[in-house]
Number of protein chains: 2
Amino acid sequence: MSERGETAAPAAPLGRRAATKARTRQALLVAARRVFAERGYGPASVEEIARTAGVSVGSVYVHFASKEALFTALVEDQTSADVHHKAALVRGSARETFAALDQLVSDVADSREEALLDAEVWLYAVRHPEFAERLAEHEVRLARVATAELHRAWEDLDPAVRAAVRDDEFVVAAAALYHGLIRLRRVLGEDAVPGDLYSRVLRLLLRLPEDDDGAE
Amino acid sequence: MSERGETAAPAAPLGRRAATKARTRQALLVAARRVFAERGYGPASVEEIARTAGVSVGSVYVHFASKEALFTALVEDQTSADVHHKAALVRGSARETFAALDQLVSDVADSREEALLDAEVWLYAVRHPEFAERLAEHEVRLARVATAELHRAWEDLDPAVRAAVRDDEFVVAAAALYHGLIRLRRVLGEDAVPGDLYSRVLRLLLRLPEDDDGAE
DNA sequence: GTCTATACGGAGATAGAC
DNA sequence: GTCTATCTCCGTATAGAC
């Protein structure tokens, strides 16, 4: 997570200096997120990131060895936060989970920054195999959480479902649908890709009854 | 399709000059495809495209007004070919269609160039609204073909399916799944995203029987 | 129409003052 | 640690010869 080990140390007595440094680093990560998303990894300039963060170019290179290191550090931050965030979504009841997933699709698709950065990260991964492994690990981690959660209800599902796909395959399909809906919603708009389509398709796939909302 | 109207004229008497020009143009489009996919739109250099096509930088600007014009011309070519190609896939029997779709997912995902360019086009569209409209039109055209094809069997489907999603919504979901599976297959590999997963999930969604392959 | 040479701007990264 | 100034390279696009 940290460029050097020391940054991770919280420490009360270290005080002001370290705090300022940490704040600059954080500001750079936030700015980098904005600029990398908006311009793309290649065209994004370190100068614009520095300007957005309110620091000089020189400062950037004190915190990060290169533009590339800044990008990977940013992704590292994102992914670790992401896994916690998404894991929390599926912990509730089925109804809550589906509602949360619908919300997630809409939120990500409707946020330029999220949607763009997501695609940039994928492209970077495909072009940098060593980085791709880390992204794959992240996807696998997410899939494991989802599979474990799904497994709680797996035995109660319609046998026809279990005959057609394994639980881990279902999770892959659900993840694919998630990414694809976000992609299409950005191009086609919210009318063509309504906010509840994800849950409706998932329910249809799992052969679960519709959610009447009136009940509970 | 053409930079100027004249390029479109086939004409026998025009002969050699026009043919050479057309060949150069075509070579540039092929090279552009390779380079834009591999480097990304921003970092791709006109010099590398020219070198790959075996011509000089100056020649590029005779055929295309700018790097941007080259990119959009390329996409225009791709998309018009794409709609014909995909429309042909769904014209056969259900079994043939599903097999063709599985093949398509595998082919696109396993081709760096296809998968990368696809993502680049999407990113370019999100960053250039006027271009996004054209991409949206393309997606809509594809969706219309698919919806028309689906409609032939729609009335025979399980009522539970028709109650959960409209036909056009199903097409959107199928398209989303298509894009998502390609994306995940490139990161997770063919073991995690098997080549027949697409058809199996589509069949499960439509509540169609599995394909026994032995029958006919 | 194709080439070579070049104008012009902008990028990543570093040096050295404070 | 942060800044300003700069080195150095590479990009798009154009000019002008053939």
# chains A, B, ... in the order shown; residues from 1 in each chain; ligands from 1
>>> residues_around(residues="D:DT12", least_positions_apart="2", cutoff="10 Å", atoms="only C-alpha atoms (C1' of nucleotides)", output="PyMOL selection string")
(chain B and resi 45-47+66-67) or (chain C and resi 8-9) or (chain D and resi 14)
>>> residues_around(residues="stretch 16-32 of chain A", least_positions_apart="4", cutoff="9 Å", atoms="only C-alpha atoms (C1' of nucleotides)", output="compact mmCIF listing (two decimals) with C-alpha atoms (C1' of nucleotides), in the first residue's frame")
# COMPACT_ATOMS: atom_id res chain seq x y z
CA THR A 7 4.39 5.84 5.36
CA PRO A 10 0.64 5.93 12.11
CA PHE A 36 -6.31 9.20 -15.45
CA ALA A 37 -10.04 8.58 -15.85
CA ALA A 44 -2.79 11.88 -18.75
CA VAL A 46 1.88 14.29 -14.56
CA GLU A 48 -2.08 18.07 -14.83
CA ILE A 49 -2.23 15.61 -11.95
CA ALA A 50 0.10 17.81 -9.92
CA ARG A 51 -1.89 20.92 -10.76
CA THR A 52 -5.17 19.20 -9.84
CA ALA A 53 -3.70 18.10 -6.53
CA GLY A 54 -2.38 21.61 -5.91
CA VAL A 55 1.29 20.62 -5.77
CA SER A 59 6.61 16.75 -5.47
CA VAL A 60 4.97 14.01 -7.43
CA HIS A 63 6.00 10.29 -3.56
CA PHE A 64 5.96 8.12 -6.65
CA LEU A 70 1.39 6.43 -9.45
CA PHE A 71 -1.14 4.61 -11.57
CA ALA A 73 -0.58 2.65 -6.52
CA LEU A 74 -3.92 4.23 -7.34
CA ASP A 77 -5.88 1.60 -3.31
C1' DG D 1 9.37 17.82 1.32
>>> residues_around(residues="stretch 85-93 of chain A", least_positions_apart="4", cutoff="8 Å", atoms="only C-alpha atoms (C1' of nucleotides)", output="PDB file with N, CA, C and O atoms, in the first residue's frame")
ATOM      1  N   ALA A  81     -10.105  -1.181  -1.494  1.00  0.00           N
ATOM      2  CA  ALA A  81     -11.334  -0.581  -0.986  1.00  0.00           C
ATOM      3  C   ALA A  81     -12.546  -1.263  -1.629  1.00  0.00           C
ATOM      4  O   ALA A  81     -13.561  -1.512  -0.974  1.00  0.00           O
ATOM      5  N   THR A  97     -29.690  -7.609  -1.193  1.00  0.00           N
ATOM      6  CA  THR A  97     -28.552  -7.813  -2.086  1.00  0.00           C
ATOM      7  C   THR A  97     -28.887  -7.398  -3.515  1.00  0.00           C
ATOM      8  O   THR A  97     -28.127  -6.660  -4.159  1.00  0.00           O
ATOM      9  N   ALA A 100     -29.107  -3.714  -3.789  1.00  0.00           N
ATOM     10  CA  ALA A 100     -27.787  -3.090  -3.718  1.00  0.00           C
ATOM     11  C   ALA A 100     -27.031  -3.256  -5.035  1.00  0.00           C
ATOM     12  O   ALA A 100     -26.326  -2.342  -5.480  1.00  0.00           O
ATOM     13  N   LEU A 101     -27.193  -4.403  -5.657  1.00  0.00           N
ATOM     14  CA  LEU A 101     -26.513  -4.637  -6.936  1.00  0.00           C
ATOM     15  C   LEU A 101     -27.063  -3.730  -8.024  1.00  0.00           C
ATOM     16  O   LEU A 101     -26.313  -3.178  -8.830  1.00  0.00           O
ATOM     17  N   LEU A 142     -13.042 -11.356  -5.366  1.00  0.00           N
ATOM     18  CA  LEU A 142     -14.451 -10.959  -5.415  1.00  0.00           C
ATOM     19  C   LEU A 142     -15.342 -12.157  -5.732  1.00  0.00           C
ATOM     20  O   LEU A 142     -16.394 -12.361  -5.108  1.00  0.00           O
ATOM     21  N   VAL A 145     -15.867 -14.436  -2.706  1.00  0.00           N
ATOM     22  CA  VAL A 145     -16.857 -13.910  -1.765  1.00  0.00           C
ATOM     23  C   VAL A 145     -18.269 -14.185  -2.286  1.00  0.00           C
ATOM     24  O   VAL A 145     -19.139 -14.669  -1.563  1.00  0.00           O
ATOM     25  N   ALA A 146     -18.468 -13.878  -3.572  1.00  0.00           N
ATOM     26  CA  ALA A 146     -19.797 -14.053  -4.157  1.00  0.00           C
ATOM     27  C   ALA A 146     -20.202 -15.519  -4.183  1.00  0.00           C
ATOM     28  O   ALA A 146     -21.352 -15.865  -3.879  1.00  0.00           O
ATOM     29  N   GLU A 149     -21.210 -16.695  -0.799  1.00  0.00           N
ATOM     30  CA  GLU A 149     -22.532 -16.169  -0.452  1.00  0.00           C
ATOM     31  C   GLU A 149     -23.618 -16.932  -1.199  1.00  0.00           C
ATOM     32  O   GLU A 149     -24.648 -17.318  -0.630  1.00  0.00           O
TER      33      GLU A 149
END
>>> atom_distance(atom1="atom CA of A:Asp196", atom2="atom CA of A:Leu181")
10.8 Å
>>> atom_distance(atom1="atom CA of A:Glu210", atom2="atom CA of B:Pro159")
13.7 Å
>>> atom_distance(atom1="atom CA of A:Ala94", atom2="atom CA of A:Arg152")
10.9 Å
>>> interface_residues(of="chain B", to="chain A", cutoff="6 Å", atoms="only C-alpha atoms", output="PyMOL selection string")
chain B and resi 42-43+136+176-177+179-181+187-188+205
>>> write_last_selection(atoms="N, CA and C atoms", output="PDB file, in the first residue's frame")
ATOM      1  N   GLY B  42      -4.574   7.381 -27.641  1.00  0.00           N
ATOM      2  CA  GLY B  42      -3.694   8.504 -27.310  1.00  0.00           C
ATOM      3  C   GLY B  42      -2.238   8.242 -27.649  1.00  0.00           C
ATOM      4  N   PRO B  43      -1.647   7.222 -27.063  1.00  0.00           N
ATOM      5  CA  PRO B  43      -0.225   6.941 -27.273  1.00  0.00           C
ATOM      6  C   PRO B  43       0.114   6.453 -28.668  1.00  0.00           C
ATOM      7  N   ALA B 136     -23.723   4.405 -30.473  1.00  0.00           N
ATOM      8  CA  ALA B 136     -25.038   4.011 -29.969  1.00  0.00           C
ATOM      9  C   ALA B 136     -25.924   3.537 -31.110  1.00  0.00           C
ATOM     10  N   ALA B 176     -24.927  -7.392 -23.071  1.00  0.00           N
ATOM     11  CA  ALA B 176     -24.103  -7.093 -21.898  1.00  0.00           C
ATOM     12  C   ALA B 176     -23.291  -8.316 -21.502  1.00  0.00           C
ATOM     13  N   LEU B 177     -23.946  -9.444 -21.488  1.00  0.00           N
ATOM     14  CA  LEU B 177     -23.264 -10.686 -21.135  1.00  0.00           C
ATOM     15  C   LEU B 177     -22.134 -10.964 -22.117  1.00  0.00           C
ATOM     16  N   HIS B 179     -20.340  -8.777 -23.930  1.00  0.00           N
ATOM     17  CA  HIS B 179     -19.199  -7.895 -23.662  1.00  0.00           C
ATOM     18  C   HIS B 179     -18.490  -8.280 -22.367  1.00  0.00           C
ATOM     19  N   GLY B 180     -19.266  -8.591 -21.351  1.00  0.00           N
ATOM     20  CA  GLY B 180     -18.683  -8.920 -20.055  1.00  0.00           C
ATOM     21  C   GLY B 180     -17.879 -10.206 -20.072  1.00  0.00           C
ATOM     22  N   LEU B 181     -18.376 -11.199 -20.776  1.00  0.00           N
ATOM     23  CA  LEU B 181     -17.651 -12.470 -20.838  1.00  0.00           C
ATOM     24  C   LEU B 181     -16.321 -12.300 -21.558  1.00  0.00           C
ATOM     25  N   VAL B 187      -9.013 -11.622 -18.754  1.00  0.00           N
ATOM     26  CA  VAL B 187      -8.304 -11.471 -17.486  1.00  0.00           C
ATOM     27  C   VAL B 187      -8.174 -12.802 -16.756  1.00  0.00           C
ATOM     28  N   LEU B 188      -9.251 -13.576 -16.739  1.00  0.00           N
ATOM     29  CA  LEU B 188      -9.270 -14.791 -15.928  1.00  0.00           C
ATOM     30  C   LEU B 188      -8.842 -16.038 -16.690  1.00  0.00           C
ATOM     31  N   LEU B 205     -31.446 -18.821 -19.322  1.00  0.00           N
ATOM     32  CA  LEU B 205     -32.304 -17.638 -19.231  1.00  0.00           C
ATOM     33  C   LEU B 205     -33.618 -17.835 -19.989  1.00  0.00           C
TER      34      LEU B 205
END
>>> residues_around(residues="D:DC18", least_positions_apart="5", cutoff="12 Å", atoms="only C-alpha atoms (C1' of nucleotides)", output="MDAnalysis selection string")
chainID C and resid 1:4
>>> write_last_selection(atoms="C-alpha atoms (C1' of nucleotides)", output="mmCIF file, in the first residue's frame")
data_model
loop_
_atom_site.group_PDB
_atom_site.id
_atom_site.type_symbol
_atom_site.label_atom_id
_atom_site.label_comp_id
_atom_site.auth_asym_id
_atom_site.auth_seq_id
_atom_site.Cartn_x
_atom_site.Cartn_y
_atom_site.Cartn_z
ATOM 1 C "C1'" DG C 1 0.562 10.839 -54.366
ATOM 2 C "C1'" DT C 2 4.617 9.982 -52.008
ATOM 3 C "C1'" DC C 3 8.657 11.295 -49.998
ATOM 4 C "C1'" DT C 4 12.189 13.917 -46.559
#
>>> decode(residues="stretch 2-18 of chain D", atoms="all heavy atoms", output="compact mmCIF listing (two decimals), in the first residue's frame")
# COMPACT_ATOMS: atom_id res chain seq x y z
P DT D 2 5.35 17.21 0.35
OP1 DT D 2 4.06 17.43 1.02
OP2 DT D 2 5.57 16.04 -0.51
O5' DT D 2 5.69 18.52 -0.48
C5' DT D 2 5.65 19.78 0.16
C4' DT D 2 6.33 20.83 -0.68
O4' DT D 2 7.76 20.60 -0.70
C3' DT D 2 5.92 20.85 -2.15
O3' DT D 2 5.07 21.97 -2.41
C2' DT D 2 7.23 20.94 -2.93
C1' DT D 2 8.26 21.21 -1.86
N1 DT D 2 9.60 20.60 -2.16
C2 DT D 2 10.68 21.43 -2.36
O2 DT D 2 10.62 22.64 -2.29
N3 DT D 2 11.86 20.78 -2.64
C4 DT D 2 12.05 19.41 -2.74
O4 DT D 2 13.16 18.94 -3.00
C5 DT D 2 10.88 18.61 -2.54
C7 DT D 2 10.97 17.12 -2.64
C6 DT D 2 9.71 19.23 -2.26
P DC D 3 4.57 22.25 -3.89
OP1 DC D 3 3.34 23.06 -3.78
OP2 DC D 3 4.53 20.96 -4.61
O5' DC D 3 5.73 23.15 -4.54
C5' DC D 3 5.87 24.49 -4.13
C4' DC D 3 7.19 25.06 -4.62
O4' DC D 3 8.24 24.13 -4.28
C3' DC D 3 7.28 25.23 -6.13
O3' DC D 3 6.85 26.53 -6.49
C2' DC D 3 8.76 25.02 -6.42
C1' DC D 3 9.30 24.29 -5.20
N1 DC D 3 9.84 22.93 -5.53
C2 DC D 3 11.20 22.77 -5.82
O2 DC D 3 11.93 23.77 -5.81
N3 DC D 3 11.68 21.53 -6.10
C4 DC D 3 10.86 20.48 -6.10
N4 DC D 3 11.39 19.29 -6.37
C5 DC D 3 9.46 20.63 -5.80
C6 DC D 3 9.00 21.85 -5.54
P DT D 4 6.50 26.80 -8.03
OP1 DT D 4 5.64 28.00 -8.07
OP2 DT D 4 6.04 25.54 -8.63
O5' DT D 4 7.92 27.14 -8.69
C5' DT D 4 8.78 28.10 -8.11
C4' DT D 4 10.09 28.17 -8.89
O4' DT D 4 10.82 26.92 -8.74
C3' DT D 4 9.92 28.38 -10.39
O3' DT D 4 10.93 29.28 -10.86
C2' DT D 4 10.08 26.99 -10.98
C1' DT D 4 11.08 26.36 -10.01
N1 DT D 4 10.97 24.88 -9.87
C2 DT D 4 12.11 24.12 -9.99
O2 DT D 4 13.22 24.58 -10.23
N3 DT D 4 11.91 22.76 -9.83
C4 DT D 4 10.71 22.13 -9.56
O4 DT D 4 10.65 20.91 -9.44
C5 DT D 4 9.56 23.01 -9.46
C7 DT D 4 8.23 22.43 -9.17
C6 DT D 4 9.74 24.32 -9.60
P DA D 5 10.95 29.74 -12.39
OP1 DA D 5 11.42 31.14 -12.40
OP2 DA D 5 9.70 29.36 -13.05
O5' DA D 5 12.13 28.82 -12.99
C5' DA D 5 13.35 28.69 -12.28
C4' DA D 5 14.30 27.79 -13.05
O4' DA D 5 13.98 26.40 -12.77
C3' DA D 5 14.22 27.94 -14.57
O3' DA D 5 15.53 27.87 -15.12
C2' DA D 5 13.35 26.76 -15.01
C1' DA D 5 13.74 25.71 -13.99
N9 DA D 5 12.71 24.71 -13.72
C8 DA D 5 11.36 24.90 -13.61
N7 DA D 5 10.67 23.81 -13.36
C5 DA D 5 11.64 22.82 -13.30
C6 DA D 5 11.58 21.44 -13.07
N6 DA D 5 10.43 20.79 -12.84
N1 DA D 5 12.73 20.74 -13.07
C2 DA D 5 13.87 21.39 -13.29
N3 DA D 5 14.07 22.69 -13.52
C4 DA D 5 12.90 23.35 -13.52
P DT D 6 15.77 28.09 -16.70
OP1 DT D 6 16.97 28.93 -16.85
OP2 DT D 6 14.49 28.45 -17.36
O5' DT D 6 16.16 26.60 -17.14
C5' DT D 6 16.97 25.81 -16.28
C4' DT D 6 17.01 24.37 -16.76
O4' DT D 6 15.85 23.64 -16.30
C3' DT D 6 17.02 24.21 -18.29
O3' DT D 6 18.08 23.34 -18.63
C2' DT D 6 15.67 23.58 -18.60
C1' DT D 6 15.44 22.77 -17.34
N1 DT D 6 14.03 22.38 -17.09
C2 DT D 6 13.75 21.08 -16.69
O2 DT D 6 14.62 20.24 -16.53
N3 DT D 6 12.43 20.83 -16.48
C4 DT D 6 11.37 21.70 -16.63
O4 DT D 6 10.22 21.35 -16.40
C5 DT D 6 11.71 23.03 -17.04
C7 DT D 6 10.65 24.07 -17.24
C6 DT D 6 13.02 23.31 -17.26
P DC D 7 18.68 23.41 -20.10
OP1 DC D 7 19.83 24.34 -20.09
OP2 DC D 7 17.60 23.60 -21.08
O5' DC D 7 19.26 21.92 -20.27
C5' DC D 7 19.53 21.14 -19.10
C4' DC D 7 19.18 19.67 -19.35
O4' DC D 7 17.80 19.44 -18.98
C3' DC D 7 19.33 19.25 -20.81
O3' DC D 7 20.13 18.07 -20.89
C2' DC D 7 17.89 19.02 -21.29
C1' DC D 7 17.16 18.70 -19.99
N1 DC D 7 15.72 19.11 -20.01
C2 DC D 7 14.72 18.21 -19.56
O2 DC D 7 15.05 17.08 -19.17
N3 DC D 7 13.43 18.61 -19.58
C4 DC D 7 13.10 19.83 -20.00
N4 DC D 7 11.82 20.17 -19.98
C5 DC D 7 14.11 20.76 -20.46
C6 DC D 7 15.38 20.37 -20.45
P DT D 8 20.63 17.59 -22.32
OP1 DT D 8 21.84 16.77 -22.09
OP2 DT D 8 20.68 18.74 -23.25
O5' DT D 8 19.46 16.62 -22.78
C5' DT D 8 18.94 15.64 -21.87
C4' DT D 8 17.75 14.95 -22.50
O4' DT D 8 16.54 15.72 -22.30
C3' DT D 8 17.89 14.75 -24.01
O3' DT D 8 17.66 13.40 -24.31
C2' DT D 8 16.84 15.68 -24.61
C1' DT D 8 15.80 15.71 -23.48
N1 DT D 8 14.88 16.89 -23.47
C2 DT D 8 13.60 16.72 -22.98
O2 DT D 8 13.18 15.67 -22.57
N3 DT D 8 12.84 17.86 -23.00
C4 DT D 8 13.21 19.11 -23.46
O4 DT D 8 12.43 20.06 -23.42
C5 DT D 8 14.57 19.21 -23.94
C7 DT D 8 15.07 20.53 -24.46
C6 DT D 8 15.33 18.11 -23.93
P DC D 9 18.05 12.86 -25.76
OP1 DC D 9 18.97 11.70 -25.61
OP2 DC D 9 18.42 13.99 -26.65
O5' DC D 9 16.62 12.30 -26.18
C5' DC D 9 15.86 11.57 -25.19
C4' DC D 9 14.38 11.67 -25.51
O4' DC D 9 13.92 13.03 -25.32
C3' DC D 9 14.02 11.30 -26.95
O3' DC D 9 13.10 10.23 -26.92
C2' DC D 9 13.41 12.58 -27.54
C1' DC D 9 12.91 13.29 -26.27
N1 DC D 9 12.77 14.76 -26.41
C2 DC D 9 11.55 15.36 -26.04
O2 DC D 9 10.63 14.65 -25.62
N3 DC D 9 11.42 16.71 -26.16
C4 DC D 9 12.43 17.43 -26.63
N4 DC D 9 12.25 18.75 -26.72
C5 DC D 9 13.67 16.85 -27.00
C6 DC D 9 13.80 15.51 -26.88
P DC D 10 12.89 9.34 -28.21
OP1 DC D 10 13.02 7.93 -27.80
OP2 DC D 10 13.68 9.90 -29.34
O5' DC D 10 11.34 9.62 -28.50
C5' DC D 10 10.41 9.72 -27.41
C4' DC D 10 9.18 10.46 -27.89
O4' DC D 10 9.40 11.88 -27.85
C3' DC D 10 8.80 10.12 -29.33
O3' DC D 10 7.44 9.73 -29.37
C2' DC D 10 9.05 11.40 -30.09
C1' DC D 10 8.83 12.45 -29.00
N1 DC D 10 9.46 13.76 -29.26
C2 DC D 10 8.72 14.94 -29.07
O2 DC D 10 7.55 14.85 -28.68
N3 DC D 10 9.31 16.14 -29.32
C4 DC D 10 10.56 16.18 -29.74
N4 DC D 10 11.11 17.39 -29.96
C5 DC D 10 11.35 15.00 -29.96
C6 DC D 10 10.76 13.82 -29.70
P DG D 11 6.76 9.16 -30.65
OP1 DG D 11 6.30 7.82 -30.27
OP2 DG D 11 7.71 9.36 -31.78
O5' DG D 11 5.49 10.08 -30.90
C5' DG D 11 4.56 10.30 -29.85
C4' DG D 11 3.83 11.60 -30.10
O4' DG D 11 4.74 12.69 -29.88
C3' DG D 11 3.36 11.79 -31.54
O3' DG D 11 2.04 11.27 -31.67
C2' DG D 11 3.35 13.30 -31.71
C1' DG D 11 4.41 13.78 -30.74
N9 DG D 11 5.66 14.22 -31.37
C8 DG D 11 6.77 13.47 -31.66
N7 DG D 11 7.73 14.16 -32.21
C5 DG D 11 7.23 15.44 -32.30
C6 DG D 11 7.82 16.62 -32.82
O6 DG D 11 8.93 16.77 -33.32
N1 DG D 11 6.94 17.71 -32.72
C2 DG D 11 5.67 17.65 -32.18
N2 DG D 11 4.98 18.80 -32.18
N3 DG D 11 5.12 16.57 -31.69
C4 DG D 11 5.95 15.51 -31.78
P DT D 12 1.37 11.15 -33.09
OP1 DT D 12 0.17 10.31 -32.92
OP2 DT D 12 2.45 10.73 -34.03
O5' DT D 12 0.94 12.63 -33.48
C5' DT D 12 -0.03 13.32 -32.68
C4' DT D 12 -0.24 14.72 -33.22
O4' DT D 12 1.05 15.36 -33.33
C3' DT D 12 -0.84 14.76 -34.63
O3' DT D 12 -1.87 15.75 -34.67
C2' DT D 12 0.34 15.14 -35.54
C1' DT D 12 1.23 15.95 -34.60
N1 DT D 12 2.68 15.89 -34.94
C2 DT D 12 3.37 17.07 -35.21
O2 DT D 12 2.84 18.17 -35.19
N3 DT D 12 4.70 16.91 -35.51
C4 DT D 12 5.41 15.72 -35.56
O4 DT D 12 6.60 15.71 -35.83
C5 DT D 12 4.63 14.53 -35.27
C7 DT D 12 5.31 13.20 -35.29
C6 DT D 12 3.34 14.68 -34.97
P DA D 13 -2.90 15.82 -35.89
OP1 DA D 13 -4.13 16.49 -35.44
OP2 DA D 13 -2.98 14.50 -36.53
O5' DA D 13 -2.14 16.81 -36.88
C5' DA D 13 -1.81 18.11 -36.39
C4' DA D 13 -0.82 18.77 -37.34
O4' DA D 13 0.44 18.09 -37.27
C3' DA D 13 -1.22 18.75 -38.81
O3' DA D 13 -1.55 20.06 -39.22
C2' DA D 13 0.02 18.19 -39.54
C1' DA D 13 1.11 18.31 -38.49
N9 DA D 13 2.17 17.30 -38.59
C8 DA D 13 2.05 15.95 -38.50
N7 DA D 13 3.19 15.29 -38.65
C5 DA D 13 4.12 16.30 -38.86
C6 DA D 13 5.51 16.27 -39.09
N6 DA D 13 6.24 15.15 -39.14
N1 DA D 13 6.14 17.46 -39.26
C2 DA D 13 5.42 18.59 -39.20
N3 DA D 13 4.12 18.74 -38.99
C4 DA D 13 3.51 17.54 -38.82
P DT D 14 -1.97 20.38 -40.72
OP1 DT D 14 -2.89 21.52 -40.66
OP2 DT D 14 -2.36 19.14 -41.39
O5' DT D 14 -0.60 20.89 -41.37
C5' DT D 14 0.15 21.86 -40.64
C4' DT D 14 1.42 22.20 -41.39
O4' DT D 14 2.36 21.10 -41.27
C3' DT D 14 1.27 22.46 -42.89
O3' DT D 14 1.97 23.66 -43.19
C2' DT D 14 1.90 21.24 -43.54
C1' DT D 14 2.97 20.89 -42.52
N1 DT D 14 3.44 19.49 -42.54
C2 DT D 14 4.78 19.24 -42.67
O2 DT D 14 5.62 20.11 -42.78
N3 DT D 14 5.12 17.89 -42.68
C4 DT D 14 4.25 16.83 -42.56
O4 DT D 14 4.67 15.68 -42.58
C5 DT D 14 2.86 17.17 -42.42
C7 DT D 14 1.85 16.08 -42.28
C6 DT D 14 2.53 18.46 -42.42
P DA D 15 1.77 24.37 -44.63
OP1 DA D 15 1.34 25.74 -44.34
OP2 DA D 15 0.97 23.51 -45.52
O5' DA D 15 3.28 24.39 -45.20
C5' DA D 15 4.38 24.31 -44.28
C4' DA D 15 5.69 24.37 -45.06
O4' DA D 15 6.25 23.03 -45.12
C3' DA D 15 5.58 24.82 -46.51
O3' DA D 15 6.79 25.48 -46.88
C2' DA D 15 5.40 23.51 -47.28
C1' DA D 15 6.23 22.53 -46.45
N9 DA D 15 5.71 21.17 -46.38
C8 DA D 15 4.40 20.79 -46.33
N7 DA D 15 4.23 19.48 -46.25
C5 DA D 15 5.53 18.98 -46.25
C6 DA D 15 6.05 17.68 -46.18
N6 DA D 15 5.27 16.59 -46.10
N1 DA D 15 7.39 17.51 -46.20
C2 DA D 15 8.16 18.61 -46.28
N3 DA D 15 7.79 19.90 -46.34
C4 DA D 15 6.46 20.01 -46.32
P DG D 16 6.92 26.19 -48.32
OP1 DG D 16 7.79 27.37 -48.10
OP2 DG D 16 5.59 26.35 -48.92
O5' DG D 16 7.73 25.12 -49.16
C5' DG D 16 8.96 24.60 -48.64
C4' DG D 16 9.44 23.46 -49.50
O4' DG D 16 8.68 22.26 -49.19
C3' DG D 16 9.29 23.67 -51.01
O3' DG D 16 10.44 23.13 -51.65
C2' DG D 16 8.04 22.87 -51.34
C1' DG D 16 8.26 21.69 -50.41
N9 DG D 16 7.11 20.85 -50.15
C8 DG D 16 5.78 21.21 -50.09
N7 DG D 16 4.99 20.21 -49.85
C5 DG D 16 5.83 19.12 -49.72
C6 DG D 16 5.55 17.75 -49.45
O6 DG D 16 4.45 17.23 -49.25
N1 DG D 16 6.71 16.99 -49.42
C2 DG D 16 7.97 17.47 -49.62
N2 DG D 16 8.98 16.58 -49.55
N3 DG D 16 8.25 18.73 -49.87
C4 DG D 16 7.14 19.50 -49.91
P DA D 17 10.71 23.41 -53.21
OP1 DA D 17 11.67 24.53 -53.25
OP2 DA D 17 9.41 23.51 -53.93
O5' DA D 17 11.45 22.08 -53.70
C5' DA D 17 12.60 21.60 -52.99
C4' DA D 17 12.73 20.10 -53.18
O4' DA D 17 11.55 19.45 -52.64
C3' DA D 17 12.85 19.65 -54.64
O3' DA D 17 13.83 18.62 -54.75
C2' DA D 17 11.44 19.15 -54.96
C1' DA D 17 11.00 18.57 -53.62
N9 DA D 17 9.55 18.55 -53.43
C8 DA D 17 8.71 19.63 -53.41
N7 DA D 17 7.44 19.30 -53.21
C5 DA D 17 7.47 17.92 -53.08
C6 DA D 17 6.45 16.97 -52.87
N6 DA D 17 5.16 17.30 -52.73
N1 DA D 17 6.81 15.67 -52.80
C2 DA D 17 8.10 15.34 -52.95
N3 DA D 17 9.15 16.15 -53.16
C4 DA D 17 8.76 17.44 -53.22
P DC D 18 14.32 18.14 -56.18
OP1 DC D 18 15.67 17.57 -55.97
OP2 DC D 18 14.10 19.26 -57.12
O5' DC D 18 13.32 16.97 -56.58
C5' DC D 18 13.56 15.63 -56.14
C4' DC D 18 12.40 14.75 -56.59
O4' DC D 18 11.17 15.27 -56.09
C3' DC D 18 12.22 14.65 -58.10
O3' DC D 18 12.60 13.34 -58.55
C2' DC D 18 10.72 14.89 -58.34
C1' DC D 18 10.15 14.79 -56.94
N1 DC D 18 8.93 15.62 -56.72
C2 DC D 18 7.69 14.99 -56.50
O2 DC D 18 7.63 13.75 -56.47
N3 DC D 18 6.59 15.74 -56.32
C4 DC D 18 6.69 17.08 -56.35
N4 DC D 18 5.57 17.79 -56.15
C5 DC D 18 7.93 17.74 -56.58
C6 DC D 18 9.02 16.98 -56.76
